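I have placed the structure first, in the form of structure tokens, so that the comments after it can refer back to it.
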Amino acid sequence: MAQVSLTFPDGTKREFDAGITAAEIAAGISNSLRKKAISATVNGVHWDLQWPIETNASIAINTMKDTEPALELIRHDCAHIMARAVQEIWPDTQVTIGPVIKGGWYYDFDRAEPFVPEDLALIEKKMKEIINKRDEVRTEIWDRARAVKFYEDNNEPYKVELIDAIPGDEPLRMYWHGGWQDLCRGPHLQNTGQVPGDSFKLMSIAGAYWRGDSDRAMLQRIYGVAFQNKNDLKKHLHMLEEAAKRDHRKLGREMDLFHMQEEAPGQIFWHPNGWKIYTELQDYMRRRQNGADYVEVNTPQVVDRKLWEASGHWEKYQEHMFIVEVDEEHAREKAVNALKPMNCPCHVQIFNQGLKSYRDLPLRMAEFGSCNRYEPSGALHGIMRVRGFTQDDAHIFCTESQIEEETEKFIQLLSLIYKDLGFEKFSIKFSDRPEKRAGSDEVWDKAESALMTATKAVGCEFELNPGEGAFYGPKLEFVLTDAIGRDWQCGTLQVDFVLPERLNATYIGEDGTKHRPVMLHRAILGSFERFIGILIESFAGKLPFWLAPRQVVVASIVSDADEYVHEVVAALKAKGIRAEADTRNEKINYKVREHSLGKVPAILAIGMREVEERTVSIRRLGDKRTNVVALDQAVQQLGQEARAPDLN
RNA sequence: GCCGCAUUAGCUCAGCCGGUAGAGCAAUUGCUUCGUAAGUAAUGGGUCGGGGGUUCAAAUCCCUCAUGCGGCACCA
């Protein structure tokens, strides 16, 4: 019999008969390892204990202590156990796919009756029964015809379709535990009892399209999470609770920032507090962009369809545009308009006014552009995904040879701004040419390499996102990581050779003839609405002092201090600080609690001692300590903190 | 847009099998002047998301529309 040489993690090599399984190897080492083993890693591939090893390889036996394989197996087996539980409870249910995802798994089912939340407890109970049975997991390779016939006989058309999609040279693997089977590439645990029965939880039921295709059947998806032990599950659930506390919709209400109502779905009613954040952020962005040699413009909201036809938006995005038709009786002429969904066509109109010379380039045209898009109802989400929003948009009209330098400058500006806003870390995704695209390969070569060398020149690493570029050019996407580790794609830089062509933008070159400029579409925040949502969630409402809508509340302890309280407020306001007096007839405990919940970064408590000494007692949000300082000093210090980072 | 769930006082929520609404907080008004996360009492407050239907009777059952929530699809 042929031999294989296997190298163990400690470097020792041993010879085995070819076709030996990892389970047999584990058993040869010790009986306890045989029981504890969950899988193997063979030449870097996660390997089922039952799979034969036919070639020389490196091998490691995994146990539950090996976190990465353990979690993958636990979650994957949970998916199977859940599918079995569902089919045992409701035999008329068809199973489809059930992959492992971050933190857990899901499984998609086809069943006439909808699952209801109460079903989850039922399924969990059944899953625990299956785990307690410690059913052995068994696997076999089947040939295609047999597998197809099997699923046809069992009336499982989804599985038949999955088999059809698997390349012909790949073996089909079947897995069993108990009487239940599933088509699966594996690997899996040795028996169902290896799944910790107290460390998983079914989370939610949702609809999901078969194969992610909105033209196909809507299946029912059940999401679950699973961990190595009970404590990790607890930590995970706790983290979810903490994330829920940061929800910008909840904080928006509690901090009285904004509201939304059904008469204007997807649009925001900004309250005074929320609008303070908005304008403060916008003022800051305006100063930063002015400093980076942008010119600011403003363009119309309601624009004739002719322009959208010329730009190509009418054809591609008509369904997502708010169409405005003026009633014929009142109109001098019948016209069909659309609310602008983006600013670029309008910016080209400004560029096209008068002759432009190469000396005018690069021309960085910025607009806090108010846009409206008719987003699908299901896409709306708080202030993060809305139908009316304002982009921190700009278009840089430049020559091809300027792309590189402009990219560099943009990344520098973006880094500076993200840092000012409290996001030290961001990552970049580079999306190159998609299959369907405009422009010659030559132009794409130039655009991609310019974008790439510029990105590298700034010293930024990026992840390649192949084929994900816009149809008109490659793009960079800037993803920032918030305080609890979530990623948000905010900034973007897109190279566009198409729109200048479509809208006939030209400049006179050094040679005295007309040339086509390149447009760089770019945004840093993305939209103010969404970015403020991100700020709220990342800071859990505790915004940096300069962005806080209410920066200081001066609260009296006794009413005899009221007069001095107003004096303090006046002094703070004179320094440009957003300060309020709270002289209500309430205990200081009550006031401190209320303003703390309102996320006011500084509370100044004023009793008779402060009045007599002309001091204030400063209490910072989230800090139990107080700090008594002279009034003048407090005004000076808080005035400094209240300034935006670019003004310090 | 699709699947599921939800919509009751300003907020958070209770209201089983149909008999026309309830709590806590908030608000208002008293009393209380109290030194760092809820002092106290009284009072007011709801066409139960809109429309339609079933019924002697609907917050409750059915249909429909709207909005929201969780996903899916979408995101120029």
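Identifiers for the structure tokens are assigned positionally: chains receive A, B, ... in sequence, residues are indexed from 1 per chain, and ligands are indexed from 1 in the order shown.
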>> If we count only C-alpha atoms (C1' of nucleotides) and set the cut-off at 12 Å, which residues sit around B:G19, ignoring sequence neighbours fewer than 4 positions away in its own chain? Please answer as a ChimeraX atom specification.
In response: /B:55-58,60
> Looking only at the backbone, which of the residues in stretch 70-163 of chain A does DSSP tag as strand (DSSP E or B), as a PyMOL selection string?
Replying inline: chain A and resi 94-95+100-101+104-110+136-142
> Which chain A residues are at most 9 Å from chain B (counting only C-alpha atoms (C1' of nucleotides)), as an MDAnalysis selection string?
Replying inline: chainID A and resid 114:117 204:209 212:214 218:221 253:254 261:263 265 313 316:317 341:342 375:379 385 470 557:560 585:594 596:597 605:607 619 624:626
Using only C-alpha atoms (C1' of nucleotides), which residues sit within 9 Å of A:Asn627 once same-chain residues fewer than 4 positions away are excluded, as a PDB file with all heavy atoms, in the first residue's frame?
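Okay, around-v2.pdb is ready:
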```
ATOM      1  N   VAL A 616     -16.786  78.212  39.787  1.00  0.00           N
ATOM      2  CA  VAL A 616     -17.805  77.271  39.312  1.00  0.00           C
ATOM      3  C   VAL A 616     -17.317  75.867  39.619  1.00  0.00           C
ATOM      4  O   VAL A 616     -16.112  75.616  39.673  1.00  0.00           O
ATOM      5  CB  VAL A 616     -18.060  77.396  37.792  1.00  0.00           C
ATOM      6  CG1 VAL A 616     -18.648  78.750  37.449  1.00  0.00           C
ATOM      7  CG2 VAL A 616     -16.797  77.144  36.994  1.00  0.00           C
ATOM      8  N   SER A 617     -18.263  74.942  39.821  1.00  0.00           N
ATOM      9  CA  SER A 617     -17.922  73.544  40.063  1.00  0.00           C
ATOM     10  C   SER A 617     -18.233  72.775  38.794  1.00  0.00           C
ATOM     11  O   SER A 617     -19.384  72.633  38.403  1.00  0.00           O
ATOM     12  CB  SER A 617     -18.744  73.033  41.240  1.00  0.00           C
ATOM     13  OG  SER A 617     -18.686  71.645  41.291  1.00  0.00           O
ATOM     14  N   ILE A 618     -17.164  72.317  38.108  1.00  0.00           N
ATOM     15  CA  ILE A 618     -17.351  71.678  36.801  1.00  0.00           C
ATOM     16  C   ILE A 618     -17.458  70.174  36.967  1.00  0.00           C
ATOM     17  O   ILE A 618     -16.608  69.559  37.607  1.00  0.00           O
ATOM     18  CB  ILE A 618     -16.160  71.986  35.862  1.00  0.00           C
ATOM     19  CG1 ILE A 618     -15.946  73.493  35.750  1.00  0.00           C
ATOM     20  CG2 ILE A 618     -16.390  71.356  34.485  1.00  0.00           C
ATOM     21  CD1 ILE A 618     -14.773  73.887  34.873  1.00  0.00           C
ATOM     22  N   ARG A 619     -18.488  69.617  36.383  1.00  0.00           N
ATOM     23  CA  ARG A 619     -18.629  68.166  36.363  1.00  0.00           C
ATOM     24  C   ARG A 619     -18.685  67.717  34.912  1.00  0.00           C
ATOM     25  O   ARG A 619     -19.563  68.133  34.160  1.00  0.00           O
ATOM     26  CB  ARG A 619     -19.915  67.761  37.090  1.00  0.00           C
ATOM     27  CG  ARG A 619     -20.077  66.266  37.201  1.00  0.00           C
ATOM     28  CD  ARG A 619     -21.478  65.912  37.620  1.00  0.00           C
ATOM     29  NE  ARG A 619     -21.727  64.527  37.317  1.00  0.00           N
ATOM     30  CZ  ARG A 619     -21.881  63.579  38.243  1.00  0.00           C
ATOM     31  NH1 ARG A 619     -21.865  63.876  39.506  1.00  0.00           N
ATOM     32  NH2 ARG A 619     -22.090  62.335  37.870  1.00  0.00           N
ATOM     33  N   ARG A 620     -17.746  66.865  34.526  1.00  0.00           N
ATOM     34  CA  ARG A 620     -17.691  66.389  33.136  1.00  0.00           C
ATOM     35  C   ARG A 620     -18.597  65.181  32.958  1.00  0.00           C
ATOM     36  O   ARG A 620     -18.706  64.344  33.857  1.00  0.00           O
ATOM     37  CB  ARG A 620     -16.253  65.984  32.771  1.00  0.00           C
ATOM     38  CG  ARG A 620     -15.277  67.117  32.859  1.00  0.00           C
ATOM     39  CD  ARG A 620     -15.579  68.130  31.785  1.00  0.00           C
ATOM     40  NE  ARG A 620     -14.609  69.228  31.830  1.00  0.00           N
ATOM     41  CZ  ARG A 620     -14.287  69.930  30.756  1.00  0.00           C
ATOM     42  NH1 ARG A 620     -14.858  69.678  29.586  1.00  0.00           N
ATOM     43  NH2 ARG A 620     -13.428  70.923  30.858  1.00  0.00           N
TER      44      ARG A 620
END
```
> Out of A:Ile403, A:Gly252, A:Ser370, A:Arg387, which residue has the shortest atom-to-atom distance to A:Ile534 when counting only C-alpha atoms?
Replying inline: A:Gly252
> Hey, what's within 10 Å of stretch 51-66 of chain A if we count only C-alpha atoms (C1' of nucleotides) and toss same-chain stuff fewer than 5 positions away? As JSON, numbers by chain, please?
Replying inline: {"A": [2, 3, 4, 5, 6, 7, 8, 9, 10, 11, 12, 13, 14, 15, 16, 17, 18, 19, 20, 21, 22, 23, 24, 25, 26, 33, 34, 35, 36, 37, 38, 39, 40, 41, 42, 43, 44, 45, 46, 71, 73, 74, 139, 140, 186, 187, 194, 195, 228, 229]}
